[in-house]
$ cat my_file11.tsv   # TSV, C-alpha atoms
chain	number	residue	atom	x	y	z
V	1	MET	CA	-61.32	9.53	27.72
V	2	ARG	CA	-61.86	8.05	24.26
V	3	HIS	CA	-61.79	11.54	22.72
V	4	SER	CA	-58.52	12.25	24.53
V	5	HIS	CA	-57.03	8.99	23.28
V	6	SER	CA	-58.18	9.77	19.72
V	7	GLU	CA	-56.51	13.20	19.81
V	8	ASN	CA	-53.31	11.72	21.23
V	9	GLU	CA	-53.31	9.01	18.55
V	10	LYS	CA	-53.47	11.68	15.85
V	11	LYS	CA	-50.68	13.71	17.47
V	12	THR	CA	-48.29	10.76	17.81
V	13	GLY	CA	-49.13	9.62	14.27
V	14	ILE	CA	-48.18	13.04	12.86
V	15	VAL	CA	-44.92	13.09	14.84
V	16	VAL	CA	-44.02	9.56	13.67
V	17	ILE	CA	-44.50	10.61	10.02
V	18	ILE	CA	-42.46	13.83	10.43
V	19	THR	CA	-39.65	12.05	12.26
V	20	PHE	CA	-39.61	9.19	9.73
V	21	VAL	CA	-39.31	11.60	6.77
V	22	VAL	CA	-36.46	13.52	8.42
V	23	MET	CA	-34.74	10.21	9.26
V	24	ILE	CA	-34.87	9.07	5.61
V	25	VAL	CA	-33.57	12.45	4.35
V	26	GLU	CA	-30.70	12.53	6.86
V	27	ILE	CA	-29.62	8.93	6.18
V	28	PHE	CA	-29.81	9.47	2.39
V	29	PHE	CA	-27.72	12.66	2.44
V	30	GLY	CA	-25.41	11.17	5.07
V	31	LEU	CA	-24.57	8.35	2.68
V	32	SER	CA	-24.39	10.53	-0.43
V	33	THR	CA	-22.21	13.25	1.17
V	34	LYS	CA	-20.10	10.77	3.19
V	35	SER	CA	-20.97	12.77	6.33
V	36	MET	CA	-20.81	10.50	9.38
V	37	ALA	CA	-22.39	13.23	11.53
V	38	LEU	CA	-25.42	13.37	9.28
V	39	LEU	CA	-25.68	9.59	9.04
V	40	ALA	CA	-25.36	9.14	12.81
V	41	ASP	CA	-28.08	11.70	13.48
V	42	GLY	CA	-30.36	9.96	11.00
V	43	ILE	CA	-29.86	6.62	12.74
V	44	HIS	CA	-30.45	8.29	16.12
V	45	MET	CA	-33.66	9.78	14.74
V	46	GLY	CA	-34.66	6.24	13.74
V	47	SER	CA	-34.54	5.14	17.38
V	48	HIS	CA	-37.16	7.78	18.16
V	49	VAL	CA	-39.30	6.65	15.24
V	50	LEU	CA	-39.35	3.24	16.91
V	51	ALA	CA	-40.18	4.58	20.38
V	52	ILE	CA	-42.84	7.10	19.32
V	53	GLY	CA	-44.21	4.54	16.84
V	54	LEU	CA	-44.75	2.25	19.84
V	55	SER	CA	-46.77	5.00	21.53
V	56	TRP	CA	-48.88	5.48	18.40
V	57	PHE	CA	-49.48	1.72	18.07
V	58	ALA	CA	-50.73	1.59	21.67
V	59	TYR	CA	-53.51	4.08	20.85
V	60	PHE	CA	-54.30	2.26	17.60
V	61	PHE	CA	-54.48	-1.10	19.39
V	62	ILE	CA	-56.77	0.25	22.12
V	63	ARG	CA	-59.12	1.88	19.58
V	64	LYS	CA	-59.42	-1.33	17.56
V	65	SER	CA	-59.78	-3.48	20.68
V	66	GLN	CA	-62.60	-1.34	22.06
V	67	LEU	CA	-64.60	-2.14	18.95
V	68	ASN	CA	-64.15	-5.87	19.60
V	69	LYS	CA	-66.30	-7.15	22.46
V	70	LYS	CA	-63.93	-10.10	22.96
V	71	TYR	CA	-61.40	-7.72	24.52
V	72	ASN	CA	-62.00	-6.45	28.03
V	73	PHE	CA	-59.00	-4.70	29.57
V	74	ASN	CA	-57.94	-1.53	31.37
V	75	ALA	CA	-56.99	1.08	28.75
V	76	GLU	CA	-55.01	3.07	31.32
V	77	LYS	CA	-52.84	0.03	32.04
V	78	ALA	CA	-52.28	-0.60	28.34
V	79	LEU	CA	-51.07	2.97	27.85
V	80	SER	CA	-48.91	2.75	30.96
V	81	LEU	CA	-47.35	-0.47	29.62
V	82	SER	CA	-46.44	1.34	26.41
V	83	GLY	CA	-45.12	4.27	28.44
V	84	PHE	CA	-43.06	1.91	30.63
V	85	THR	CA	-41.55	0.20	27.56
V	86	SER	CA	-40.81	3.55	25.95
V	87	GLY	CA	-39.18	4.69	29.20
V	88	LEU	CA	-36.89	1.65	29.08
V	89	LEU	CA	-35.90	2.51	25.50
V	90	LEU	CA	-35.19	6.08	26.57
V	91	LEU	CA	-32.97	4.79	29.38
V	92	ILE	CA	-31.10	2.47	26.98
V	93	PHE	CA	-30.51	5.29	24.46
V	94	ALA	CA	-29.14	7.52	27.24
V	95	PHE	CA	-26.66	4.87	28.43
V	96	TYR	CA	-25.68	4.21	24.80
V	97	ILE	CA	-24.80	7.89	24.35
V	98	ILE	CA	-22.67	7.78	27.53
V	99	VAL	CA	-20.80	4.69	26.29
V	100	GLU	CA	-20.17	6.32	22.89
V	101	ALA	CA	-19.02	9.52	24.61
V	102	ALA	CA	-16.57	7.56	26.78
V	103	ASN	CA	-15.25	5.83	23.66
V	104	ARG	CA	-14.79	9.22	21.99
V	105	PHE	CA	-12.65	10.34	24.95
V	106	LEU	CA	-10.42	7.30	24.48
V	107	ASN	CA	-10.43	7.45	20.68
V	108	PRO	CA	-10.87	11.08	19.57
V	109	GLU	CA	-11.96	11.66	15.98
V	110	GLU	CA	-11.85	14.68	13.70
V	111	ILE	CA	-15.23	16.43	13.73
V	112	VAL	CA	-16.82	18.00	10.65
V	113	TYR	CA	-18.18	20.91	12.67
V	114	LEU	CA	-20.37	22.76	10.19
V	115	ASP	CA	-22.12	19.60	8.94
V	116	ALA	CA	-22.75	18.45	12.50
V	117	ILE	CA	-24.10	21.87	13.55
V	118	TYR	CA	-26.45	22.05	10.56
V	119	VAL	CA	-27.77	18.58	11.37
V	120	ALA	CA	-28.25	19.46	15.04
V	121	ILE	CA	-30.20	22.60	14.09
V	122	ILE	CA	-32.47	20.60	11.76
V	123	GLY	CA	-33.05	18.04	14.50
V	124	LEU	CA	-33.80	20.77	17.04
V	125	LEU	CA	-36.37	22.45	14.80
V	126	VAL	CA	-38.10	19.13	14.10
V	127	ASN	CA	-38.23	18.26	17.79
V	128	ILE	CA	-39.55	21.68	18.78
V	129	ALA	CA	-42.37	21.26	16.26
V	130	SER	CA	-43.02	17.71	17.53
V	131	ALA	CA	-43.08	18.90	21.15
V	132	PHE	CA	-45.77	21.47	20.32
V	133	ILE	CA	-47.82	18.77	18.59
V	134	LEU	CA	-47.46	16.32	21.50
V	135	HIS	CA	-48.12	18.89	24.25
V	136	HIS	CA	-50.71	17.19	26.44
V	137	HIS	CA	-51.87	19.99	28.78
V	138	HIS	CA	-50.37	18.35	31.88
V	139	ASP	CA	-52.47	15.19	31.58
V	140	HIS	CA	-50.68	13.04	34.17
V	141	THR	CA	-52.90	10.00	33.67
V	142	ASP	CA	-51.73	9.15	30.13
V	143	HIS	CA	-48.17	7.89	30.52
V	144	ASN	CA	-48.08	6.93	26.83
V	145	ILE	CA	-48.34	10.47	25.47
V	146	LYS	CA	-45.99	11.61	28.26
V	147	ALA	CA	-43.40	9.06	27.08
V	148	ALA	CA	-43.63	10.25	23.46
V	149	TYR	CA	-43.36	13.87	24.65
V	150	LEU	CA	-40.27	13.07	26.74
V	151	HIS	CA	-38.63	11.39	23.72
V	152	VAL	CA	-38.83	14.54	21.58
V	153	ILE	CA	-37.83	16.78	24.52
V	154	ALA	CA	-34.85	14.51	25.20
V	155	ASP	CA	-33.87	14.64	21.54
V	156	ALA	CA	-34.21	18.45	21.57
V	157	LEU	CA	-31.98	18.56	24.66
V	158	THR	CA	-29.28	16.51	22.91
V	159	SER	CA	-29.54	18.79	19.86
V	160	ILE	CA	-29.10	21.92	22.01
V	161	SER	CA	-26.15	20.44	23.90
V	162	ALA	CA	-24.62	19.37	20.58
V	163	ILE	CA	-24.99	22.84	19.05
V	164	VAL	CA	-23.48	24.57	22.10
V	165	GLY	CA	-20.72	21.99	22.47
V	166	LEU	CA	-19.81	22.04	18.78
V	167	LEU	CA	-19.73	25.84	18.63
V	168	ILE	CA	-17.43	26.02	21.67
V	169	ALA	CA	-15.23	23.25	20.27
V	170	MET	CA	-15.04	24.90	16.84
V	171	ILE	CA	-14.33	28.43	18.09
V	172	TRP	CA	-11.98	27.68	20.99
V	173	LYS	CA	-10.58	24.37	19.66
V	174	ILE	CA	-11.70	22.45	22.78
V	175	GLU	CA	-12.80	19.25	21.06
V	176	TYR	CA	-13.91	17.34	24.17
V	177	ILE	CA	-16.56	19.93	25.14
V	178	ASP	CA	-19.21	18.40	22.85
V	179	THR	CA	-18.55	14.99	24.45
V	180	ILE	CA	-19.05	16.43	27.95
V	181	ALA	CA	-22.28	18.11	26.77
V	182	ALA	CA	-23.55	14.75	25.48
V	183	ILE	CA	-22.86	13.09	28.84
V	184	LEU	CA	-24.60	15.86	30.80
V	185	SER	CA	-27.71	15.70	28.60
V	186	SER	CA	-27.73	11.91	28.95
V	187	LEU	CA	-27.77	12.21	32.76
V	188	VAL	CA	-30.83	14.46	32.53
V	189	ILE	CA	-32.53	11.97	30.19
V	190	ILE	CA	-31.78	9.14	32.64
V	191	LYS	CA	-33.47	11.12	35.43
V	192	TRP	CA	-36.56	11.70	33.27
V	193	SER	CA	-36.78	8.06	32.17
V	194	ILE	CA	-36.52	6.77	35.76
V	195	ALA	CA	-39.36	9.10	36.82
V	196	LEU	CA	-41.47	7.84	33.90
V	197	LEU	CA	-40.73	4.20	34.80
V	198	LYS	CA	-41.80	4.85	38.39
V	199	ASP	CA	-45.06	6.60	37.44
V	200	SER	CA	-46.11	4.06	34.80
V	201	GLY	CA	-44.93	1.15	36.97
V	202	LYS	CA	-47.21	2.24	39.80
V	203	VAL	CA	-50.21	2.03	37.47
V	204	LEU	CA	-49.18	-1.42	36.23
V	205	LEU	CA	-48.78	-2.70	39.81
V	206	ASP	CA	-51.98	-0.99	41.09
V	207	TYR	CA	-49.83	0.87	43.60
V	208	LYS	CA	-51.77	2.89	46.14
V	209	ASN	CA	-50.16	5.63	48.22
V	210	THR	CA	-51.37	4.90	51.76
V	211	SER	CA	-50.30	8.34	52.94
V	212	GLU	CA	-53.05	9.95	50.85
$ encode --input "my_file11.tsv" --output "structure tokens"
Amino acid sequence: MRHSHSENEKKTGIVVIITFVVMIVEIFFGLSTKSMALLADGIHMGSHVLAIGLSWFAYFFIRKSQLNKKYNFNAEKALSLSGFTSGLLLLIFAFYIIVEAANRFLNPEEIVYLDAIYVAIIGLLVNIASAFILHHHHDHTDHNIKAAYLHVIADALTSISAIVGLLIAMIWKIEYIDTIAAILSSLVIIKWSIALLKDSGKVLLDYKNTSE
């Protein structure tokens, strides 16, 4: 178990660093090029730095605490607590996207298509790489690494929906398609986050399935 936690700590640490670097680059060029699409994606990437950073800190905290005999707690519950918190953040981000999409319907804005597509492609490539790093071989007991994995998969999903939506909007001049794509991807993310909250919540509450 400790070896598994050590490997997962390294994986989440690498993903945090990669995501943080991309966030800084996107925000810098977003400001320098006056591209709102690039700046918005950089800020969105920052939300995942926070969430995945929380997952990394959970492993770090457990490793340090295990070396201190004053601490005596259930490591599985600590990881599930981090996973539960990360699931809440994922749920909040999804609802935020829906609210912004609804606002875009009411107040349409001119889209800089090529800049937005380039940014979405960069984000997709980063998240694909992060997903490979965080792949946890179907380990259902560690809700912390599962939460981090779901964050990058969710971000990859939003990037794919953005690319498809923006291409359709640019080619056929149907500007609201990218907004609909954002809402659909958010609904999928909400479903994933609720499942994560249920699984990690059961561990925190010592839930036992009496039917088993």
$ closest_residue --input "my_file11.tsv" --among "V:Ile24, V:Gly13, V:Ile18, V:Leu157" --to "Ala94 in chain V" --atoms "all atoms listed in the file"
V:Leu157
$ atom_distance --input "my_file11.tsv" --atom1 "CA of Ser32 in chain V" --atom2 "CA of Ala182 in chain V"
26.3 Å
$ residues_around --input "my_file11.tsv" --residues "range 113-124 of chain V" --least-positions-apart "4" --cutoff "7 Å" --atoms "all atoms listed in the file" --output "number ranges by chain"
V: 37-38, 128, 156, 159-160, 162-163, 166, 170
$ closest_residue --input "my_file11.tsv" --among "V:Leu187, V:Leu89, V:Met45, V:Ile111" --to "Glu175 in chain V" --atoms "all atoms listed in the file"
V:Ile111
$ atom_distance --input "my_file11.tsv" --atom1 "CA of Ala78 in chain V" --atom2 "CA of Thr158 in chain V"
29.2 Å
$ residues_around --input "my_file11.tsv" --residues "Val49 in chain V" --least-positions-apart "6" --cutoff "7 Å" --atoms "only C-alpha atoms" --output "list in words"
Val16, Thr19 and Phe20 of chain V
$ write_last_selection --input "my_file11.tsv" --atoms "C-alpha atoms" --output "mmCIF file, keeping the file's coordinate frame"
data_model
loop_
_atom_site.group_PDB
_atom_site.id
_atom_site.type_symbol
_atom_site.label_atom_id
_atom_site.label_comp_id
_atom_site.auth_asym_id
_atom_site.auth_seq_id
_atom_site.Cartn_x
_atom_site.Cartn_y
_atom_site.Cartn_z
ATOM 1 C CA VAL V 16 -44.020 9.560 13.670
ATOM 2 C CA THR V 19 -39.650 12.050 12.260
ATOM 3 C CA PHE V 20 -39.610 9.190 9.730
#
$ atom_distance --input "my_file11.tsv" --atom1 "CA of Ile168 in chain V" --atom2 "CA of Phe29 in chain V"
25.6 Å
$ closest_residue --input "my_file11.tsv" --among "V:Asn127, V:Ser193, V:Asn144, V:Ser186" --to "Gly83 in chain V" --atoms "all atoms listed in the file"
V:Asn144
$ closest_residue --input "my_file11.tsv" --among "V:Ser82, V:Ser130, V:Ser185, V:Asn8" --to "Leu54 in chain V" --atoms "only C-alpha atoms"
V:Ser82
$ residues_around --input "my_file11.tsv" --residues "Ile190 in chain V" --least-positions-apart "4" --cutoff "12 Å" --atoms "all atoms listed in the file" --output "ChimeraX atom specification"
/V:87-98,150-151,154,183-186,194-197
$ closest_residue --input "my_file11.tsv" --among "V:His135, V:Lys64, V:Arg104, V:Lys146" --to "Asp199 in chain V" --atoms "only C-alpha atoms"
V:Lys146
$ closest_residue --input "my_file11.tsv" --among "V:Ile145, V:Ala102, V:Leu204, V:Val15" --to "Tyr176 in chain V" --atoms "all atoms listed in the file"
V:Ala102
$ decode --input "my_file11.tsv" --residues "range 110-200 of chain V" --atoms "C-alpha atoms" --output "compact mmCIF listing (two decimals), in the first residue's frame"
# COMPACT_ATOMS: atom_id res chain seq x y z
CA GLU V 110 -17.40 37.39 -31.13
CA ILE V 111 -15.14 34.33 -30.97
CA VAL V 112 -11.50 34.34 -32.11
CA TYR V 113 -11.82 30.85 -33.55
CA LEU V 114 -8.25 29.98 -34.53
CA ASP V 115 -6.75 31.15 -31.21
CA ALA V 116 -9.38 29.23 -29.26
CA ILE V 117 -8.84 26.06 -31.33
CA TYR V 118 -5.06 26.22 -30.89
CA VAL V 119 -5.50 26.61 -27.13
CA ALA V 120 -7.96 23.71 -26.96
CA ILE V 121 -5.53 21.47 -28.87
CA ILE V 122 -2.68 22.37 -26.49
CA GLY V 123 -4.92 21.66 -23.51
CA LEU V 124 -6.03 18.34 -25.00
CA LEU V 125 -2.46 17.16 -25.60
CA VAL V 126 -1.43 18.12 -22.06
CA ASN V 127 -4.41 16.30 -20.56
CA ILE V 128 -3.85 13.17 -22.65
CA ALA V 129 -0.26 13.05 -21.39
CA SER V 130 -1.46 13.66 -17.81
CA ALA V 131 -4.09 10.90 -18.12
CA PHE V 132 -1.41 8.39 -19.15
CA ILE V 133 0.72 9.43 -16.17
CA LEU V 134 -2.19 9.17 -13.71
CA HIS V 135 -3.55 5.86 -15.06
CA HIS V 136 -4.02 3.75 -11.94
CA HIS V 137 -4.71 0.26 -13.32
CA HIS V 138 -8.31 0.22 -12.08
CA ASP V 139 -7.35 0.61 -8.42
CA HIS V 140 -10.81 1.31 -6.96
CA THR V 141 -9.60 1.68 -3.38
CA ASP V 142 -7.65 4.92 -3.90
CA HIS V 143 -10.27 7.61 -4.48
CA ASN V 144 -7.57 10.30 -4.39
CA ILE V 145 -5.76 9.18 -7.55
CA LYS V 146 -9.17 8.49 -9.14
CA ALA V 147 -10.19 12.10 -8.45
CA ALA V 148 -7.01 13.48 -10.04
CA TYR V 149 -7.51 11.17 -13.03
CA LEU V 150 -11.12 12.32 -13.46
CA HIS V 151 -9.98 15.98 -13.40
CA VAL V 152 -7.66 15.54 -16.38
CA ILE V 153 -10.20 13.35 -18.23
CA ALA V 154 -12.87 15.99 -17.61
CA ASP V 155 -10.54 18.69 -18.90
CA ALA V 156 -9.74 16.57 -21.97
CA LEU V 157 -13.47 16.14 -22.57
CA THR V 158 -14.03 19.91 -22.47
CA SER V 159 -11.10 20.40 -24.86
CA ILE V 160 -12.54 17.87 -27.34
CA SER V 161 -16.02 19.39 -27.16
CA ALA V 162 -14.49 22.84 -27.62
CA ILE V 163 -12.49 21.78 -30.68
CA VAL V 164 -15.50 20.11 -32.32
CA GLY V 165 -17.86 22.95 -31.40
CA LEU V 166 -15.48 25.67 -32.57
CA LEU V 167 -14.78 23.92 -35.88
CA ILE V 168 -18.51 23.53 -36.59
CA ALA V 169 -19.17 27.13 -35.56
CA MET V 170 -16.30 28.44 -37.70
CA ILE V 171 -17.13 26.41 -40.82
CA TRP V 172 -20.93 26.60 -40.79
CA LYS V 173 -21.26 29.91 -38.89
CA ILE V 174 -23.37 28.32 -36.13
CA GLU V 175 -21.89 30.21 -33.18
CA TYR V 176 -24.00 28.62 -30.43
CA ILE V 177 -22.77 25.07 -31.16
CA ASP V 178 -19.64 25.47 -29.00
CA THR V 179 -21.86 26.64 -26.11
CA ILE V 180 -24.08 23.56 -26.44
CA ALA V 181 -20.97 21.34 -26.52
CA ALA V 182 -19.75 22.95 -23.28
CA ILE V 183 -23.09 22.25 -21.56
CA LEU V 184 -23.14 18.61 -22.71
CA SER V 185 -19.59 17.98 -21.48
CA SER V 186 -20.48 19.65 -18.16
CA LEU V 187 -23.41 17.25 -17.69
CA VAL V 188 -21.04 14.29 -18.16
CA ILE V 189 -18.60 15.81 -15.65
CA ILE V 190 -21.44 16.26 -13.13
CA LYS V 191 -22.32 12.56 -13.48
CA TRP V 192 -18.69 11.55 -12.87
CA SER V 193 -18.29 13.86 -9.87
CA ILE V 194 -21.49 12.57 -8.22
CA ALA V 195 -20.25 8.97 -8.62
CA LEU V 196 -16.91 9.95 -7.07
CA LEU V 197 -18.66 11.70 -4.16
CA LYS V 198 -20.75 8.59 -3.51
CA ASP V 199 -17.79 6.19 -3.59
CA SER V 200 -15.50 8.32 -1.42
